[in-house]
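Undergrad: Got a structure for you, written out below as structure tokens; questions coming shortly.
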Amino acid sequence: MNSIAILDFGSQYAQIIARRVRETQVYCELFPWDAPQEKILAIQPQGFILSGGPKSVYEENAPFIQQFILESGLPILGICYGMQALTHALGGKVDPSAQREYGHAEIDIIDRRGEVTSPLLFGLSKVWMSHGDKVTQLPEGFVALAKSGNSPYAAMGDVKRKYFGVQFHPEVHHTPNGIELFKHFAIDICGITPDWTPVNIIDDAVEKIRKQVGNERVLAAVSGGVDSSVAAALVHKAIGDQLVCVFVDTGLLRANEGTQVASAFREGLGAELITVDAADDFLGALKGQTDPETKRRIVGEKFIRIFEREAKNVGQPRFLVQGTIYPDVVESSGKDRDKAAKIKSHHNVGGLPEDMQFELVEPLRYLFKDEVRLVGETLGLNQGLVWRQPFPGPGLTVRCLGECTPERVSRLRAADAILLEELSKAGFLGKGAQTSQAFVVLLPVRSVGVMGDQRTYQEAAAIRAVSTDDFMTADWSRLPFELLAKVSSRIVNEVEGINRVVYDITSKPPATIEWE
């Protein structure tokens, strides 16, 4: 198989490495550093990439490279901690650095004076560093390939064994041309044929879905979001009329969402669709709840209980399709990611009840948002559906901070509709637009205002708009002041109960895209 195995040593962003490798049209999978040998070798990797991590290699119980990887004879690329772990395993030396190196840095590629060197670093000069330790003595057989102001061994290599290490992070956008490093490693050094394309993704998913469900009926939980729509379309392609789509109106949807979803699935996809009005159920269960994790768990369990009820009406299928994607799994630190810290529960990962009666079908579980959209386009889904604004499974629950009363949710929905309308008019939404995701958050904060010479004491709303490719990191969108002013004016004047609008200018990290 043309694949790379990526070993995760505890980095929150190891999956970005996977995304970069896939951008080179090379398949890869991400494994915990201590995953069983048979599981890792099952994908028949042609090379290994070792991620960064928060530990020091000389700490007690620090993650290490399993011996079978070193004995495989396959190329290895270590990144940050991965480079240090490789150094440590092969007899080199790693020590704490007197001066930590975080942020932008310049590397100088070392001229090997005519020696044969790897093309690994071609085109790299500006990089992103994030480390407190550094390699102080190279293992036998290695040479320095690059240096920085604080790292004499910013990159190292043993060309004969095809072992390489870089102290910087080529996976992040702050390292221009970082993708070229992964391309050189996967294609030039590992000799992999780049054949990971949307067509192959679809073919692979269809085969796995058919193998998993056989001739049984399957329920699909659809919300109208990109992920659930593409997941349902993939399953429909695989098993056709065996699929029954269920759309639950939670009362926590965006304006006009129910009508749009029904039209997209019945007319666009041609799939059987059951709609369930459960607004009273969800809002009733959320009454009095303010803790975000509690709200997510309530929504997750309520979803499952409704699907269990609907399943009885269609022959009790034991399979449930969900549009879980990689960022959901990573941020929830699900069973595949137990080496990373938990950020929050996603209703379709960490918020599911343990006693649910379904076996999950998750064809997008290891895809990133951009890959999901490419698959959707290749499947022929409506462009408006593929490129619509992402929407969290728990709906407006996680954007209505504090208690989700019917009045507050209605207030939030109206403000959000104004924002999306104005952004759409100005060309800031849709394929190729600067803004990847935008929404309004209703805050449980009241402030004094003046309207018509009268004192007001009403709630505040926050606008969140971000630009991103992978939704694992994101920057706040630099929307024109005039556009923000228009949105703010309309919200304050048209939405009763809001008298103040603020703009969130926090990137991810340190924040997440959603507020809860």
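A note on labels: chains of the structure tokens are A, B, ... as shown, every chain counts residues from 1, and ligands are counted from 1 in their shown order.
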Going by DSSP on the backbone, which bits of stretch 328-511 of chain A are strand (DSSP E)? Write them as a compact mmCIF listing (two decimals) with N, CA, C and O atoms, in the first residue's frame, please.

TA:
# COMPACT_ATOMS: atom_id res chain seq x y z
N GLU A 359 -24.68 0.66 16.21
CA GLU A 359 -23.28 0.56 15.80
C GLU A 359 -23.05 1.70 14.82
O GLU A 359 -23.79 1.84 13.84
N LEU A 360 -22.03 2.52 15.07
CA LEU A 360 -21.83 3.72 14.25
C LEU A 360 -21.14 3.42 12.92
O LEU A 360 -20.23 2.60 12.84
N VAL A 361 -21.62 4.11 11.89
CA VAL A 361 -20.97 4.11 10.58
C VAL A 361 -20.46 5.53 10.38
O VAL A 361 -21.24 6.47 10.28
N GLN A 437 -15.78 30.36 8.26
CA GLN A 437 -16.90 30.13 9.15
C GLN A 437 -17.21 31.42 9.90
O GLN A 437 -16.31 32.13 10.33
N ALA A 438 -18.49 31.71 10.04
CA ALA A 438 -18.90 32.93 10.74
C ALA A 438 -20.24 32.69 11.43
O ALA A 438 -21.11 32.01 10.89
N PHE A 439 -20.38 33.26 12.61
CA PHE A 439 -21.62 33.09 13.35
C PHE A 439 -21.67 34.10 14.49
O PHE A 439 -20.69 34.78 14.79
N VAL A 440 -22.84 34.19 15.11
CA VAL A 440 -23.04 35.06 16.27
C VAL A 440 -23.12 34.21 17.52
O VAL A 440 -23.67 33.11 17.52
N VAL A 441 -22.54 34.71 18.59
CA VAL A 441 -22.62 34.08 19.91
C VAL A 441 -23.40 35.02 20.83
O VAL A 441 -23.10 36.22 20.88
N LEU A 442 -24.39 34.49 21.52
CA LEU A 442 -25.15 35.29 22.48
C LEU A 442 -24.54 35.11 23.86
O LEU A 442 -24.40 33.98 24.34
N LEU A 443 -24.15 36.21 24.49
CA LEU A 443 -23.45 36.16 25.76
C LEU A 443 -24.41 36.35 26.93
O LEU A 443 -25.34 37.15 26.85
N PRO A 444 -24.17 35.65 28.04
CA PRO A 444 -24.99 35.83 29.23
C PRO A 444 -24.53 37.05 30.03
O PRO A 444 -24.31 36.99 31.24
N VAL A 445 -24.35 38.14 29.29
CA VAL A 445 -23.83 39.38 29.88
C VAL A 445 -24.75 40.52 29.47
O VAL A 445 -25.07 40.68 28.29
N ARG A 446 -25.17 41.30 30.42
CA ARG A 446 -26.00 42.47 30.12
C ARG A 446 -25.18 43.74 30.31
O ARG A 446 -24.31 43.80 31.17
N SER A 447 -25.49 44.72 29.49
CA SER A 447 -24.81 46.00 29.60
C SER A 447 -25.81 47.14 29.41
O SER A 447 -26.87 46.97 28.82
N VAL A 448 -25.43 48.30 29.90
CA VAL A 448 -26.29 49.48 29.80
C VAL A 448 -26.17 50.10 28.42
O VAL A 448 -25.08 50.18 27.84
N GLY A 449 -27.28 50.51 27.86
CA GLY A 449 -27.30 51.19 26.57
C GLY A 449 -28.35 52.28 26.57
O GLY A 449 -29.09 52.47 27.55
N VAL A 450 -28.40 53.01 25.47
CA VAL A 450 -29.39 54.07 25.31
C VAL A 450 -30.07 53.89 23.97
O VAL A 450 -29.41 53.86 22.92
N MET A 451 -31.40 53.77 23.97
CA MET A 451 -32.17 53.67 22.73
C MET A 451 -33.38 54.60 22.85
O MET A 451 -34.20 54.44 23.76
N GLN A 454 -33.92 56.35 26.03
CA GLN A 454 -34.28 55.50 27.16
C GLN A 454 -33.11 54.58 27.52
O GLN A 454 -32.39 54.10 26.66
N ARG A 455 -32.94 54.35 28.80
CA ARG A 455 -31.92 53.44 29.27
C ARG A 455 -32.32 52.01 28.95
O ARG A 455 -33.47 51.62 29.15
N THR A 456 -31.36 51.23 28.45
CA THR A 456 -31.60 49.81 28.23
C THR A 456 -30.59 49.01 29.04
O THR A 456 -29.50 49.49 29.37
N TYR A 457 -30.97 47.79 29.36
CA TYR A 457 -30.06 46.89 30.06
C TYR A 457 -30.29 45.52 29.45
O TYR A 457 -31.11 44.72 29.91
N GLN A 458 -29.55 45.25 28.34
CA GLN A 458 -29.82 44.08 27.52
C GLN A 458 -28.55 43.26 27.29
O GLN A 458 -27.47 43.62 27.74
N GLU A 459 -28.74 42.15 26.54
CA GLU A 459 -27.63 41.22 26.33
C GLU A 459 -26.67 41.70 25.24
O GLU A 459 -27.03 42.51 24.38
N ALA A 460 -25.47 41.14 25.29
CA ALA A 460 -24.44 41.42 24.28
C ALA A 460 -24.29 40.23 23.35
O ALA A 460 -24.47 39.08 23.75
N ALA A 461 -23.98 40.52 22.10
CA ALA A 461 -23.72 39.48 21.10
C ALA A 461 -22.30 39.64 20.59
O ALA A 461 -21.79 40.76 20.45
N ALA A 462 -21.64 38.51 20.30
CA ALA A 462 -20.28 38.53 19.75
C ALA A 462 -20.31 37.93 18.35
O ALA A 462 -20.97 36.92 18.11
N ILE A 463 -19.62 38.57 17.43
CA ILE A 463 -19.45 38.05 16.07
C ILE A 463 -18.15 37.27 16.02
O ILE A 463 -17.10 37.75 16.47
N ARG A 464 -18.21 36.06 15.49
CA ARG A 464 -17.02 35.22 15.32
C ARG A 464 -16.89 34.89 13.84
O ARG A 464 -17.81 34.32 13.23
N ALA A 465 -15.78 35.26 13.23
CA ALA A 465 -15.52 34.94 11.82
C ALA A 465 -14.06 34.54 11.70
O ALA A 465 -13.17 35.25 12.17
N VAL A 466 -13.81 33.38 11.08
CA VAL A 466 -12.45 32.87 10.99
C VAL A 466 -12.11 32.44 9.57
O VAL A 466 -12.99 32.13 8.76
N SER A 467 -10.82 32.41 9.30
CA SER A 467 -10.28 31.91 8.04
C SER A 467 -9.39 30.72 8.35
O SER A 467 -8.53 30.80 9.24
N ASP A 475 -7.41 31.65 11.93
CA ASP A 475 -7.13 33.04 12.25
C ASP A 475 -8.42 33.84 12.11
O ASP A 475 -9.28 33.50 11.29
N TRP A 476 -8.57 34.89 12.89
CA TRP A 476 -9.78 35.69 12.79
C TRP A 476 -9.79 36.47 11.48
O TRP A 476 -8.76 36.94 11.00
N ILE A 498 -30.95 42.76 22.39
CA ILE A 498 -29.50 42.93 22.21
C ILE A 498 -29.20 44.41 22.02
O ILE A 498 -29.77 45.05 21.14
N ASN A 499 -28.32 44.95 22.83
CA ASN A 499 -27.97 46.37 22.68
C ASN A 499 -26.47 46.60 22.51
O ASN A 499 -26.00 47.73 22.52
N ARG A 500 -25.71 45.50 22.35
CA ARG A 500 -24.26 45.66 22.19
C ARG A 500 -23.71 44.50 21.35
O ARG A 500 -24.10 43.35 21.55
N VAL A 501 -22.80 44.83 20.41
CA VAL A 501 -22.18 43.83 19.55
C VAL A 501 -20.67 44.00 19.62
O VAL A 501 -20.15 45.10 19.47
N VAL A 502 -19.94 42.89 19.83
CA VAL A 502 -18.48 42.92 19.86
C VAL A 502 -17.94 41.94 18.82
O VAL A 502 -18.66 41.05 18.36
N TYR A 503 -16.66 42.10 18.45
CA TYR A 503 -16.04 41.24 17.45
C TYR A 503 -14.90 40.47 18.08
O TYR A 503 -14.00 41.05 18.70

Undergrad: Which polymer residues have any atom within 12 Å of an atom of A:Asp188, counting only C-alpha atoms, with same-chain residues fewer than 4 positions away left out, as number ranges by chain?

TA: A: 24, 26, 46-47, 75, 118-120, 162, 180-184, 192-194

Undergrad: What does the distance from atom CA of A:Gln25 to atom CA of A:Ala474 come to in Å, to one decimal?

TA: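 Calculated distance between atom CA of A:Gln25 and atom CA of A:Ala474 is 22.9 Å.
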
Undergrad: Given the choices A:Pro176, A:Gly165, A:Gly92, A:Gly270, which gets closest to A:Gly123 if the distance is worked out from only C-alpha atoms?

TA: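 For A:Gly123, the nearest of the candidates is A:Pro176.
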
Undergrad: Residues of stretch 160-263 of chain A that have any atom at most 9 Å from an atom of stretch 394-404 of chain A: could you tabulate them with the shortest-distance atom pair and the distance in Å to one decimal, using only C-alpha atoms, ordered by chain and increasing number, as CSV?

TA:
residue,atom,partner,partner_atom,distance
A:Thr250,CA,A:Gly395,CA,8.1
A:Gly251,CA,A:Leu396,CA,8.7
A:Leu252,CA,A:Leu396,CA,4.9
A:Leu253,CA,A:Gly395,CA,5.7
A:Arg254,CA,A:Leu396,CA,7.6

Undergrad: Can you measure atom CA of A:Ala233 to atom CA of A:Glu377 for me? One decimal in Å is fine.

TA: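 These atoms are spaced 10.8 Å apart.
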
Undergrad: List every residue of stretch 97-291 of chain A that DSSP, applied to the backbone of this structure, assigns to alpha helix (DSSP H), and report them as number ranges by chain.

TA: A: 178-183, 198-213, 226-239, 257-263, 279-285

Undergrad: Between A:Val172, A:Ala433, A:Leu30, A:Leu234, single out the one closest to A:Asp204, counting only C-alpha atoms.

TA: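 Ranking A:Val172, A:Ala433, A:Leu30, A:Leu234 by distance to A:Asp204, first place goes to A:Leu234.
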
Undergrad: Using only C-alpha atoms, I'd like a table of the residues in stretch 140-258 of chain A that come within 8 Å of stretch 321-325 of chain A; for each, show the closest atom pair and its distance in Å rounded to one decimal, ordered by chain and ascending number, as CSV.

TA:
residue,atom,partner,partner_atom,distance
A:Val218,CA,A:Val321,CA,7.2
A:Leu219,CA,A:Val321,CA,6.0
A:Ala220,CA,A:Val321,CA,4.3
A:Ala221,CA,A:Gln322,CA,5.8
A:Val222,CA,A:Gln322,CA,7.6
A:Asp227,CA,A:Gly323,CA,4.7
A:Ser228,CA,A:Gly323,CA,4.1
A:Ser229,CA,A:Gly323,CA,7.5
A:Val230,CA,A:Gly323,CA,7.5
A:Ala231,CA,A:Gly323,CA,5.3
A:Ala232,CA,A:Val321,CA,7.0
A:Val235,CA,A:Val321,CA,7.9

Undergrad: Would you please work out which residue, of A:Gly284, A:Gly91, A:Gly393, A:Gly191, is nearest to A:Leu138 when using only C-alpha atoms?

TA: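 Looking only at the distances to A:Leu138, the closest residue turns out to be A:Gly91.
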
Undergrad: Using only C-alpha atoms for the distances, tell me which of A:Leu243, A:Ala105, A:Ala18, A:Ala238 is nearest to A:Met472.

TA: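 Comparing A:Leu243, A:Ala105, A:Ala18, A:Ala238 against A:Met472, the winner is A:Ala18.
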